[in-house]
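Text of run12.txt (compact mmCIF, C-alpha atoms) as supplied:
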# COMPACT_ATOMS: atom_id res chain seq x y z
CA MET A 40 -15.15 -9.34 -7.43
CA LYS A 41 -17.97 -7.63 -5.56
CA ILE A 42 -17.27 -4.03 -4.54
CA LYS A 43 -19.39 -1.99 -2.15
CA LEU A 44 -18.89 1.65 -1.20
CA TRP A 45 -19.42 2.33 2.52
CA GLY A 46 -17.99 5.85 2.66
CA VAL A 47 -17.09 8.32 -0.09
CA ARG A 48 -17.03 11.65 1.73
CA GLY A 49 -13.71 13.42 2.12
CA SER A 50 -11.96 14.99 5.07
CA VAL A 51 -14.72 14.86 7.67
CA THR A 52 -17.97 12.98 8.13
CA THR A 53 -21.14 14.89 7.32
CA THR A 54 -24.67 14.18 8.38
CA GLY A 55 -28.07 15.52 7.44
CA PRO A 56 -30.56 15.41 4.62
CA GLU A 57 -28.50 17.69 2.39
CA THR A 58 -25.81 15.00 1.97
CA ALA A 59 -27.98 11.91 2.40
CA PHE A 60 -28.01 10.85 -1.26
CA TYR A 61 -24.25 10.59 -1.85
CA GLY A 62 -23.60 9.92 1.82
CA GLY A 63 -21.63 11.51 4.59
CA ASN A 64 -19.37 8.70 5.79
CA SER A 65 -15.66 8.99 5.16
CA SER A 66 -13.57 6.58 3.08
CA CYS A 67 -14.33 2.88 3.19
CA VAL A 68 -14.77 0.36 0.37
CA ASP A 69 -15.35 -3.37 0.73
CA VAL A 70 -14.20 -5.94 -1.87
CA ARG A 71 -15.22 -9.60 -1.67
CA GLU A 72 -14.62 -12.82 -3.53
CA ASP A 73 -14.74 -16.51 -2.61
CA GLY A 74 -15.30 -15.75 1.09
CA TRP A 75 -12.33 -13.37 1.26
CA GLN A 76 -12.87 -9.77 2.24
CA LEU A 77 -10.67 -6.72 1.69
CA VAL A 78 -11.60 -3.41 3.25
CA PHE A 79 -10.00 -0.33 1.75
CA ASP A 80 -9.63 2.34 4.40
CA GLY A 81 -11.21 2.55 7.81
CA GLY A 82 -13.09 5.82 7.65
CA SER A 83 -16.42 6.22 9.37
CA GLY A 84 -18.01 4.05 6.68
CA LEU A 85 -16.32 1.09 8.38
CA GLN A 86 -18.81 1.10 11.26
CA LYS A 87 -21.62 0.56 8.75
CA LEU A 88 -19.82 -2.52 7.50
CA ASN A 89 -20.42 -4.13 10.92
CA ALA A 90 -23.98 -4.90 9.87
CA ASP A 91 -22.76 -6.73 6.77
CA HIS A 92 -20.24 -8.97 8.45
CA GLN A 93 -19.71 -12.24 6.58
CA PRO A 94 -21.10 -15.10 8.71
CA GLY A 95 -18.37 -17.44 9.89
CA ALA A 96 -15.57 -15.22 8.58
CA LYS A 97 -12.35 -15.72 10.50
CA ARG A 98 -10.12 -13.27 8.67
CA ILE A 99 -10.44 -9.74 7.41
CA ASP A 100 -7.84 -7.54 5.72
CA ILE A 101 -7.96 -3.77 6.09
CA LEU A 102 -5.79 -1.87 3.61
CA LEU A 103 -5.14 1.73 4.59
CA SER A 104 -4.21 4.21 1.88
CA HIS A 105 -2.84 6.51 4.57
CA LEU A 106 -3.41 7.45 8.17
CA HIS A 107 -5.28 10.73 7.97
CA LEU A 108 -8.17 10.65 10.41
CA ASP A 109 -10.90 10.36 7.78
CA HIS A 110 -9.31 7.05 6.74
CA ILE A 111 -8.89 5.45 10.17
CA GLN A 112 -11.58 6.90 12.43
CA GLY A 113 -13.86 3.89 11.94
CA LEU A 114 -11.26 1.38 13.16
CA GLY A 115 -12.16 1.84 16.81
CA PHE A 116 -15.78 1.03 16.02
CA PHE A 117 -15.23 -2.04 13.87
CA LYS A 118 -16.45 -5.12 15.69
CA ALA A 119 -13.96 -7.50 14.10
CA LEU A 120 -11.18 -5.86 16.11
CA PHE A 121 -12.96 -6.80 19.30
CA GLU A 122 -13.64 -10.46 18.38
CA PRO A 123 -11.28 -12.93 20.04
CA GLY A 124 -9.97 -15.34 17.43
CA MET A 125 -10.65 -13.04 14.51
CA ASP A 126 -7.62 -12.69 12.28
CA VAL A 127 -7.35 -8.99 11.45
CA HIS A 128 -4.60 -7.86 9.10
CA ILE A 129 -4.01 -4.15 8.71
CA TRP A 130 -1.83 -3.03 5.81
CA GLY A 131 -0.55 0.54 5.70
CA PRO A 132 2.17 2.66 4.10
CA VAL A 133 5.69 2.72 5.44
CA SER A 134 6.88 5.94 7.03
CA SER A 135 10.55 6.86 7.11
CA SER A 136 10.45 7.61 10.83
CA GLN A 137 7.79 5.61 12.72
CA THR A 138 6.29 2.15 12.51
CA LEU A 139 2.70 1.56 11.46
CA HIS A 140 2.00 0.35 15.00
CA THR A 141 3.29 3.60 16.51
CA ARG A 142 1.30 5.76 14.12
CA LEU A 143 -1.94 3.79 14.58
CA SER A 144 -1.42 3.93 18.34
CA ARG A 145 -1.65 7.70 18.22
CA TYR A 146 -5.35 7.24 17.49
CA LEU A 147 -5.99 3.94 19.26
CA SER A 148 -4.91 5.16 22.67
CA PRO A 149 -6.10 7.71 25.26
CA PRO A 150 -7.03 10.49 25.15
CA LEU A 151 -8.36 10.00 21.61
CA PHE A 152 -9.65 6.45 22.18
CA PRO A 153 -10.11 4.46 25.40
CA VAL A 154 -8.73 1.12 24.17
CA LEU A 155 -5.05 0.58 23.52
CA ILE A 156 -4.12 -1.17 20.31
CA ARG A 157 -2.30 -3.86 22.31
CA ASP A 158 -5.50 -4.60 24.25
CA LEU A 159 -7.60 -5.38 21.20
CA PRO A 160 -8.84 -8.96 21.59
CA CYS A 161 -8.53 -9.93 17.92
CA LYS A 162 -5.42 -11.54 16.45
CA LEU A 163 -3.96 -8.39 14.94
CA SER A 164 -1.19 -8.40 12.34
CA LEU A 165 0.25 -5.20 10.94
CA HIS A 166 1.95 -5.08 7.55
CA GLU A 167 3.98 -2.16 6.25
CA ILE A 168 3.79 -1.64 2.51
CA ALA A 169 5.32 0.75 0.01
CA ASN A 170 5.70 0.10 -3.72
CA SER A 171 4.69 -3.48 -3.05
CA LYS A 172 3.08 -6.51 -4.64
CA PHE A 173 1.38 -9.16 -2.53
CA SER A 174 -1.51 -11.61 -2.54
CA ILE A 175 -4.45 -12.09 -0.21
CA GLY A 176 -6.62 -15.12 -1.03
CA PRO A 177 -7.78 -14.76 -4.63
CA PHE A 178 -6.60 -11.16 -4.88
CA SER A 179 -3.31 -9.93 -6.30
CA ILE A 180 -2.58 -6.49 -4.97
CA GLN A 181 -0.16 -3.75 -5.99
CA SER A 182 0.41 -0.70 -3.82
CA SER A 183 2.37 2.39 -4.83
CA TYR A 184 3.06 5.72 -3.23
CA VAL A 185 0.98 8.50 -4.75
CA ILE A 186 1.09 12.27 -4.37
CA HIS A 187 -0.68 13.28 -1.17
CA PRO A 188 0.74 14.79 2.05
CA GLY A 189 2.39 12.15 4.23
CA PRO A 190 3.00 8.51 3.30
CA THR A 191 0.06 7.58 1.06
CA VAL A 192 -0.45 4.65 -1.28
CA GLY A 193 -3.03 3.73 -3.88
CA PHE A 194 -4.06 0.16 -4.63
CA ARG A 195 -4.57 -1.97 -7.72
CA VAL A 196 -6.52 -5.15 -7.01
CA GLY A 197 -6.93 -7.98 -9.48
CA ASN A 198 -8.65 -11.34 -9.35
CA GLY A 199 -7.31 -12.69 -12.63
CA LYS A 200 -10.31 -11.39 -14.52
CA SER A 201 -10.87 -7.78 -13.49
CA VAL A 202 -8.98 -4.88 -11.97
CA PHE A 203 -10.20 -2.41 -9.38
CA THR A 204 -8.03 0.63 -8.60
CA TYR A 205 -8.52 2.59 -5.41
CA ILE A 206 -6.85 6.04 -5.09
CA PRO A 207 -9.15 8.07 -2.84
CA ASP A 208 -6.70 10.87 -1.97
CA HIS A 209 -4.45 11.93 -4.81
CA GLU A 210 -3.13 15.05 -6.49
CA PRO A 211 -1.46 13.93 -9.74
CA ALA A 212 -1.71 17.48 -11.14
CA LEU A 213 0.51 19.01 -8.46
CA GLY A 214 3.03 21.25 -10.18
CA GLU A 215 3.41 24.20 -12.50
CA LYS A 216 1.84 22.59 -15.55
CA GLY A 217 -0.59 20.06 -14.08
CA ILE A 218 -0.55 16.44 -15.18
CA ILE A 219 2.51 15.82 -17.34
CA PRO A 220 1.43 14.40 -20.72
CA ASP A 221 3.86 11.50 -20.52
CA THR A 222 2.44 8.55 -18.62
CA LYS A 223 5.67 7.49 -16.94
CA TRP A 224 5.69 10.86 -15.16
CA ILE A 225 2.17 10.52 -13.75
CA SER A 226 1.72 9.59 -10.11
CA GLY A 227 -0.50 6.51 -9.80
CA TYR A 228 -0.49 5.72 -13.50
CA ASP A 229 0.71 2.13 -13.12
CA LEU A 230 -2.03 1.45 -10.59
CA ALA A 231 -4.80 2.68 -12.84
CA ALA A 232 -3.63 1.60 -16.29
CA GLY A 233 -6.46 -0.23 -18.03
CA ALA A 234 -8.48 -0.72 -14.83
CA ASP A 235 -12.08 -1.89 -15.10
CA LEU A 236 -13.06 0.42 -12.26
CA LEU A 237 -11.18 3.34 -10.75
CA LEU A 238 -12.32 5.09 -7.61
CA HIS A 239 -10.48 8.41 -7.54
CA ASP A 240 -10.31 11.64 -5.60
CA ALA A 241 -12.32 14.46 -7.20
CA GLN A 242 -12.89 16.81 -4.31
CA TYR A 243 -12.80 20.10 -6.18
CA THR A 244 -14.11 21.87 -9.22
CA ALA A 245 -11.42 23.07 -11.60
CA ALA A 246 -11.88 26.62 -10.29
CA GLU A 247 -11.61 25.56 -6.64
CA TYR A 248 -8.46 23.58 -7.29
CA LYS A 249 -6.55 26.72 -8.27
CA ALA A 250 -6.76 27.87 -4.66
CA LYS A 251 -6.13 24.40 -3.18
CA LYS A 252 -2.93 23.31 -4.94
CA GLY A 253 -0.78 21.23 -2.65
CA TRP A 254 -3.65 20.17 -0.41
CA GLY A 255 -3.38 16.66 -1.81
CA HIS A 256 -6.63 16.41 -3.75
CA SER A 257 -7.83 16.60 -7.33
CA SER A 258 -10.32 18.55 -9.34
CA ILE A 259 -12.93 16.43 -11.07
CA ASN A 260 -11.42 17.56 -14.38
CA ASP A 261 -7.94 16.34 -13.41
CA ALA A 262 -9.36 13.09 -12.08
CA ALA A 263 -11.09 12.51 -15.40
CA LEU A 264 -7.95 13.41 -17.35
CA PHE A 265 -5.97 10.97 -15.21
CA ALA A 266 -8.57 8.26 -15.87
CA SER A 267 -8.53 9.01 -19.57
CA MET A 268 -4.74 8.84 -19.81
CA ALA A 269 -4.75 5.58 -17.86
CA GLY A 270 -7.36 4.08 -20.17
CA VAL A 271 -9.78 3.04 -17.41
CA LYS A 272 -13.19 1.72 -18.37
CA HIS A 273 -15.22 3.17 -15.54
CA VAL A 274 -14.37 5.89 -13.03
CA MET A 275 -16.16 6.83 -9.83
CA PHE A 276 -15.34 10.29 -8.49
CA ALA A 277 -15.02 10.26 -4.71
CA HIS A 278 -13.72 12.09 -1.64
CA HIS A 279 -16.61 14.53 -1.92
CA ASP A 280 -15.97 17.87 -0.28
CA PRO A 281 -17.71 17.91 3.12
CA PHE A 282 -19.09 21.36 2.39
CA ARG A 283 -20.81 20.22 -0.81
CA THR A 284 -24.46 19.19 -0.65
CA ASP A 285 -26.07 16.60 -2.90
CA ASP A 286 -27.56 19.35 -5.05
CA GLN A 287 -24.19 21.05 -5.36
CA LEU A 288 -22.52 17.75 -6.27
CA ASN A 289 -25.10 17.20 -9.00
CA GLU A 290 -24.51 20.72 -10.27
CA MET A 291 -20.73 20.26 -10.22
CA PHE A 292 -21.03 16.98 -12.09
CA ALA A 293 -23.39 18.44 -14.69
CA VAL A 294 -20.96 21.26 -15.45
CA TYR A 295 -18.07 18.81 -15.67
CA LYS A 296 -20.02 16.50 -18.01
CA SER A 297 -21.00 19.35 -20.31
CA GLU A 298 -17.33 20.30 -20.71
CA ASN A 299 -15.77 16.80 -20.77
CA PRO A 300 -17.42 14.31 -23.11
CA TYR A 301 -15.16 11.37 -22.22
CA PRO A 302 -16.20 8.08 -23.80
CA PHE A 303 -15.70 5.98 -20.65
CA LYS A 304 -18.35 5.56 -17.96
CA ASN A 305 -17.92 8.19 -15.25
CA GLU A 306 -20.10 9.03 -12.29
CA LEU A 307 -20.08 10.34 -8.75
CA ALA A 308 -19.39 7.70 -6.11
CA ARG A 309 -22.32 7.14 -3.80
CA GLU A 310 -22.45 5.42 -0.43
CA GLY A 311 -24.16 2.02 -0.61
CA VAL A 312 -23.54 1.44 -4.30
CA GLU A 313 -22.37 -2.04 -5.32
CA VAL A 314 -20.42 -2.98 -8.43
CA ASN A 315 -19.74 -6.49 -9.64
CA LEU A 316 -16.60 -6.90 -11.72
CA ASP A 317 -16.12 -10.14 -13.58
CA MET B 211 7.88 1.60 -19.31
CA PRO B 212 6.73 1.79 -15.67
CA ALA B 213 6.00 5.19 -14.22
CA TYR B 214 8.71 6.86 -12.14
CA GLU B 215 8.43 6.83 -8.38
CA ILE B 216 6.65 9.87 -6.97
CA GLU B 217 9.87 11.14 -5.39
CA ILE B 218 11.25 11.54 -8.92
CA VAL B 219 8.00 13.00 -10.25
CA LEU B 220 7.83 15.54 -7.44
CA ASN B 221 11.43 16.60 -8.05
CA ARG B 222 10.57 17.22 -11.69
CA GLN B 223 7.47 19.21 -10.77
CA LEU B 224 9.59 21.31 -8.39
CA ALA B 225 12.31 21.81 -11.00
CA ASP B 226 9.66 22.97 -13.44
CA CYS B 227 8.85 25.85 -11.07
CA LEU B 228 12.45 27.02 -10.51
CA SER B 229 14.48 29.68 -12.28
CA ILE B 230 17.78 27.91 -11.55
CA PRO B 231 19.01 25.07 -13.78
CA VAL B 232 18.20 21.59 -12.50
CA PHE B 233 19.20 18.16 -13.83
CA ILE B 234 17.51 14.96 -12.67
CA THR B 235 19.09 11.59 -13.35
CA ASP B 236 18.14 8.01 -12.64
CA THR B 237 20.47 5.80 -10.63
CA ALA B 238 22.49 4.95 -13.76
CA GLY B 239 23.14 8.63 -14.44
CA ASN B 240 20.83 8.89 -17.41
CA LEU B 241 19.43 12.40 -17.66
CA ILE B 242 15.70 11.90 -17.32
CA PHE B 243 14.74 15.56 -16.99
CA TYR B 244 16.21 19.04 -17.14
CA ASN B 245 14.26 22.23 -16.73
CA GLU B 246 14.12 25.27 -18.97
CA PRO B 247 16.97 27.15 -17.25
CA ALA B 248 19.16 24.05 -17.71
CA GLU B 249 18.52 24.15 -21.43
CA GLY B 250 20.99 27.03 -21.52
CA ILE B 251 23.75 24.75 -20.25
CA LEU B 252 23.07 21.91 -22.67
CA GLY B 253 22.03 24.16 -25.53
CA LYS B 254 19.09 21.91 -26.25
CA ARG B 255 15.45 21.90 -25.26
CA PHE B 256 14.13 18.96 -23.24
CA GLU B 257 11.11 18.76 -25.52
CA GLU B 258 13.53 18.14 -28.39
CA THR B 259 15.95 15.74 -26.77
CA GLY B 260 13.81 13.87 -24.28
CA GLU B 261 15.76 11.73 -21.89
CA MET B 262 19.48 11.34 -22.58
CA PRO B 263 21.81 8.44 -21.78
CA VAL B 264 24.73 9.40 -19.57
CA ALA B 265 27.17 8.84 -22.45
CA GLN B 266 25.35 11.43 -24.54
CA TRP B 267 24.70 14.26 -22.11
CA SER B 268 28.08 14.05 -20.41
CA THR B 269 29.80 14.91 -23.68
CA GLU B 270 27.63 18.02 -24.08
CA PHE B 271 28.80 19.32 -20.78
CA LYS B 272 32.54 20.02 -20.50
CA PRO B 273 33.70 20.87 -16.99
CA VAL B 274 37.24 22.17 -16.60
CA ASP B 275 39.40 23.40 -13.75
CA GLU B 276 40.92 26.87 -13.49
CA GLN B 277 43.81 25.84 -15.74
CA GLY B 278 41.41 24.56 -18.38
CA ALA B 279 42.14 20.89 -17.76
CA VAL B 280 39.10 18.68 -18.20
CA LEU B 281 37.76 17.44 -14.88
CA PRO B 282 37.44 13.67 -14.60
CA PRO B 283 33.77 12.65 -14.31
CA ASP B 284 34.50 11.00 -10.96
CA GLU B 285 35.15 14.44 -9.47
CA LEU B 286 31.81 15.93 -10.48
CA PRO B 287 29.23 16.33 -7.70
CA LEU B 288 26.46 14.52 -9.55
CA VAL B 289 28.66 11.53 -10.30
CA MET B 290 29.85 11.43 -6.69
CA THR B 291 26.24 11.56 -5.48
CA LEU B 292 25.29 8.69 -7.75
CA ARG B 293 28.25 6.70 -6.48
CA ASN B 294 28.01 7.43 -2.76
CA ALA B 295 24.37 8.50 -2.22
CA ASN B 296 25.53 11.66 -0.45
CA PRO B 297 25.11 15.35 -1.31
CA TYR B 298 28.11 17.15 -2.80
CA HIS B 299 29.06 20.68 -3.80
CA LYS B 300 31.78 21.97 -6.11
CA SER B 301 32.63 25.04 -8.15
CA PHE B 302 34.30 24.67 -11.52
CA TRP B 303 34.30 26.05 -15.06
CA ILE B 304 32.23 25.08 -18.04
CA GLU B 305 32.41 26.24 -21.60
CA SER B 306 29.35 28.26 -22.42
CA LEU B 307 27.47 28.06 -25.69
CA GLN B 308 29.20 31.29 -26.74
CA GLY B 309 32.57 29.60 -26.32
CA LYS B 310 33.45 31.48 -23.14
CA ASN B 311 34.34 29.76 -19.90
CA GLN B 312 31.92 30.41 -17.10
CA LYS B 313 32.45 29.57 -13.44
CA ILE B 314 29.54 27.72 -11.94
CA SER B 315 28.67 26.05 -8.66
CA VAL B 316 26.90 22.72 -8.54
CA THR B 317 25.11 21.14 -5.64
CA SER B 318 23.85 17.60 -5.99
CA TYR B 319 21.76 15.46 -3.73
CA PRO B 320 20.45 11.89 -3.84
CA ILE B 321 16.77 11.10 -4.14
CA ILE B 322 16.22 8.52 -1.43
CA GLY B 323 12.61 7.47 -0.85
CA ARG B 324 10.82 6.57 2.37
CA THR B 325 11.95 2.98 2.13
CA GLY B 326 15.59 4.09 1.99
CA LYS B 327 15.98 3.11 -1.65
CA MET B 328 18.14 5.29 -3.90
CA LEU B 329 16.00 6.39 -6.82
CA GLY B 330 18.14 8.95 -8.62
CA ALA B 331 19.93 12.25 -8.14
CA VAL B 332 19.44 15.96 -8.66
CA ALA B 333 22.03 18.59 -9.58
CA ILE B 334 21.37 22.31 -9.19
CA PHE B 335 23.57 24.80 -11.06
CA TRP B 336 24.13 28.50 -10.66
CA LYS B 337 26.71 31.10 -11.57
CA SER B 338 29.43 30.90 -8.99
CA THR B 339 30.03 33.79 -6.62
CA GLU B 340 32.92 31.97 -4.97
CA GLU B 341 36.39 33.42 -5.40
Could you take the file, read its structure, and then write that structure out as C-alpha cells?
Amino acid sequence: MKIKLWGVRGSVTTTGPETAFYGGNSSCVDVREDGWQLVFDGGSGLQKLNADHQPGAKRIDILLSHLHLDHIQGLGFFKALFEPGMDVHIWGPVSSSQTLHTRLSRYLSPPLFPVLIRDLPCKLSLHEIANSKFSIGPFSIQSSYVIHPGPTVGFRVGNGKSVFTYIPDHEPALGEKGIIPDTKWISGYDLAAGADLLLHDAQYTAAEYKAKKGWGHSSINDAALFASMAGVKHVMFAHHDPFRTDDQLNEMFAVYKSENPYPFKNELAREGVEVNLD
Amino acid sequence: MPAYEIEIVLNRQLADCLSIPVFITDTAGNLIFYNEPAEGILGKRFEETGEMPVAQWSTEFKPVDEQGAVLPPDELPLVMTLRNANPYHKSFWIESLQGKNQKISVTSYPIIGRTGKMLGAVAIFWKSTEE
C-alpha cells in the first residue's frame, strides 16, 4: 500500500514561502495498490494529483471524510471528473436530511462553480456511507462517524497486510474531561486500533485548544494520546492551522516532543511525503 | 468490545457537564452511563459500578405512585422510549436513600443516529414541581 500526502493544511489553503515546507494545500491523500487508487478527500491537494495520474487508469475512488470546503474544493479541478469514460466513484457520509448529490451540488453548481455535477462527462457514481464496511479492489475499508461538526467519517483501510487510518478532522477530547480513559467511549477508536499508520488532526497546541473546544479539531497532545490509546505504530499529525508557519510548526512540535516521550513514531505530516506500508 | 457510536459518546460527554441527573442506556436497557448527579438516585458511584445490566439497576430504583404502589416497568418513560423510540415524560415518586419518598419528573428520549438507527436512550431526572 503506497500512500502519498497531497494536502495536509487545515481549513483554508495557504501559499507562500513561510508554509512551503509542510505545504499549503488542504486535505488530500492518495493510496495505491495493484493499479487501484483511493483518494481520501478532495481538498486543494487534489489538483496536484492531476500530474500523477495513473496511465491507463479507468477508475478512481474518492472517499470524502466530510463536505467542508477544505475537503472538496479540489473536486472541480480534478481532471478525472472531466474524462469521458472514466469511472469516478465518490463516497461520502450520509446526512439525515439531504443526499450526497444534493450537498455536493451546492459546490458544483453556479454561482460557486460553472459546471453542474450532472454535466460532468465522467461516469460518476455516488455512494453514501455511515458506519460502513466495504471493499474496493484490494482494499477493505471501514468508515465510522467521528466527532466533528456535521456528518463526518474517518476511514480504516486495510490490504490484508497493513492498516492505514485517516481521520483528518476529529475532536475526540470534546467534553468536560477530555478523552475518556475507556476505549469503547472514544470516538474513532475502532478505526485506529493497532493501525500501522494514522493520519490525524492536530491543529492546535494544548493551550490553543482550551479556547477552541467544540470547533471540531484536536490539540497535538490529544491526537498523540488518542494514538497512544489506540496502539498505533506511526502517527502523522495533520490539518495544520493555516495561520501557522513552518517555523511555528517546528516550534510547536518541539515543545510537544519535549513533553510527550511516546515510544511510537510520530511526526508532522508534510505535503509530498510518501509512505509504503507492507 | 467495539466502541460506542459517537451519538452515545456525545450524550455521555454532555451528561458529564450537567448538574441534573442523567441515565444513558443501550437499546437493551442496560445502564451504560450515569453522571455524578444521578449517583444520588442510585446511591452508587459510576466509577465503582461501571455499566449495569437492566436487571440490576432497575431493582435499585423503586418508582411508586402517589398511593405507594410500585409502578410497573412498562409505565416508566425510559422503558417506553426503549420500546417505542419516542420521547416520554412522567412524574412519580421514588424512595430516596434516606428512606423518604421524593416526587420526581423524568423525561426520556431516544438516541437515533443520522442513519435512523436506534442506538439507545437517555433519561433526565429532576425534582418535580408539578402538583
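Within the 9 Å cut-off around Pro123 in chain A, using all atoms listed in the file and omitting residues fewer than 6 positions from it on the same chain, the listed residues are Leu159, Pro160, Cys161 and Lys162 of chain A.
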With chain A as the partner and 7 Å as the cut-off, tabulate the residues of chain B that qualify, each row holding the nearest pair of atoms and their distance in Å to one decimal, using only C-alpha atoms, sorted by chain and rising number, as a tab-separated table.
residue	atom	partner	partner_atom	distance
B:Met211	CA	A:Lys223	CA	6.7
B:Pro212	CA	A:Lys223	CA	5.9
B:Ala213	CA	A:Lys223	CA	3.6
B:Tyr214	CA	A:Lys223	CA	5.7
B:Ile216	CA	A:Ser226	CA	5.9
B:Val219	CA	A:Trp224	CA	5.8
B:Gln223	CA	A:Gly214	CA	4.9
B:Leu224	CA	A:Gly214	CA	6.8
B:Asp226	CA	A:Glu215	CA	6.4
B:Cys227	CA	A:Glu215	CA	5.9
B:Arg324	CA	A:Ser135	CA	4.8
B:Thr325	CA	A:Ser135	CA	6.5
Those selected residues, please, written with C-alpha atoms and delivered as a short mmCIF file (atom, residue, chain, number, x, y, z; two decimals), in the frame of the given file.
data_model
loop_
_atom_site.label_atom_id
_atom_site.label_comp_id
_atom_site.auth_asym_id
_atom_site.auth_seq_id
_atom_site.Cartn_x
_atom_site.Cartn_y
_atom_site.Cartn_z
CA MET B 211 7.88 1.60 -19.31
CA PRO B 212 6.73 1.79 -15.67
CA ALA B 213 6.00 5.19 -14.22
CA TYR B 214 8.71 6.86 -12.14
CA ILE B 216 6.65 9.87 -6.97
CA VAL B 219 8.00 13.00 -10.25
CA GLN B 223 7.47 19.21 -10.77
CA LEU B 224 9.59 21.31 -8.39
CA ASP B 226 9.66 22.97 -13.44
CA CYS B 227 8.85 25.85 -11.07
CA ARG B 324 10.82 6.57 2.37
CA THR B 325 11.95 2.98 2.13
#
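Here CA of Trp267 in chain B and CA of Asn296 in chain B stand 21.8 Å from one another.
Between Pro320 in chain B and the candidates B:Thr235, B:Thr259, B:Thr269, B:Ser338, the tightest atom-to-atom separation, counting all atoms listed in the file, involves B:Thr235.
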Would you kindly return, as a PyMOL selection string, each protein, DNA or RNA residue with an atom no farther than 12 Å from any atom of Glu290 in chain A, considering only C-alpha atoms and excluding same-chain residues fewer than 6 positions away?
chain A and resi 244+283-284+296-297+307
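Our summary of the geometry notes that CA of Leu85 in chain A is positioned 6.7 Å from CA of Trp45 in chain A.
Reported to one decimal place, the separation of CA of Phe116 in chain A from CA of Gly84 in chain A is 10.1 Å.
Between Asn64 in chain A and the residues A:Ser267, A:Asp109, A:Lys43, A:Gln76, the shortest atom-to-atom distance, using only C-alpha atoms, involves A:Asp109.
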List the spatial neighbours of Ile156 in chain A as an mmCIF file with C-alpha atoms, in the frame of the given file - criterion: any atom at most 10 Å away, all atoms listed in the file, same-chain residues fewer than 4 positions off excluded.
data_model
loop_
_atom_site.group_PDB
_atom_site.id
_atom_site.type_symbol
_atom_site.label_atom_id
_atom_site.label_comp_id
_atom_site.auth_asym_id
_atom_site.auth_seq_id
_atom_site.Cartn_x
_atom_site.Cartn_y
_atom_site.Cartn_z
ATOM 1 C CA GLY A 115 -12.160 1.840 16.810
ATOM 2 C CA LEU A 120 -11.180 -5.860 16.110
ATOM 3 C CA HIS A 140 2.000 0.350 15.000
ATOM 4 C CA THR A 141 3.290 3.600 16.510
ATOM 5 C CA LEU A 143 -1.940 3.790 14.580
ATOM 6 C CA SER A 144 -1.420 3.930 18.340
ATOM 7 C CA ARG A 145 -1.650 7.700 18.220
ATOM 8 C CA TYR A 146 -5.350 7.240 17.490
ATOM 9 C CA LEU A 147 -5.990 3.940 19.260
ATOM 10 C CA SER A 148 -4.910 5.160 22.670
ATOM 11 C CA PHE A 152 -9.650 6.450 22.180
ATOM 12 C CA PRO A 160 -8.840 -8.960 21.590
ATOM 13 C CA LEU A 163 -3.960 -8.390 14.940
#
Cut-off 7 Å around (-16.3, 10.2, -3.6) with only C-alpha atoms: residues as a PyMOL selection string:
chain A and resi 47-48+240-241+276-279+307-309
Quick one: residues within 12 Å of Gly330 in chain B, all atoms listed in the file, excluding same-chain residues fewer than 4 positions away - as an MDAnalysis selection string?
chainID B and resid 214:219 221:222 233:243 288:289 291:297 318:323 326
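For Pro247 in chain B, the non-local neighbours within 10 Å, defined as residues at least 6 positions apart in the same chain or in other chains and counting only C-alpha atoms, are Ala225, Asp226, Leu228, Ser229, Ile230, Pro231, Val232, Phe233, Arg255, Phe335 and Trp336 of chain B.
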Restricting to only C-alpha atoms, whichever of A:Tyr61, A:Ala119, A:Pro150, A:His209 is closest to Trp254 in chain A is A:His209
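The nearest approach to Gly250 in chain B among the residues B:Ala279, B:Leu220, B:Ala265, B:Ile304, with all atoms listed in the file taken into account, belongs to B:Ile304.
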At most 10 Å from (29.5, 25.1, -10.3), file frame, all atoms listed in the file: which residues, as an MDAnalysis selection string?
chainID B and resid 273 286:287 299:304 312:317 333:340
Just checking: using all atoms listed in the file, which residue out of A:Asp285, A:Asp208, A:Asp69, A:Glu122 ends up closest to Thr54 in chain A?
A:Asp285
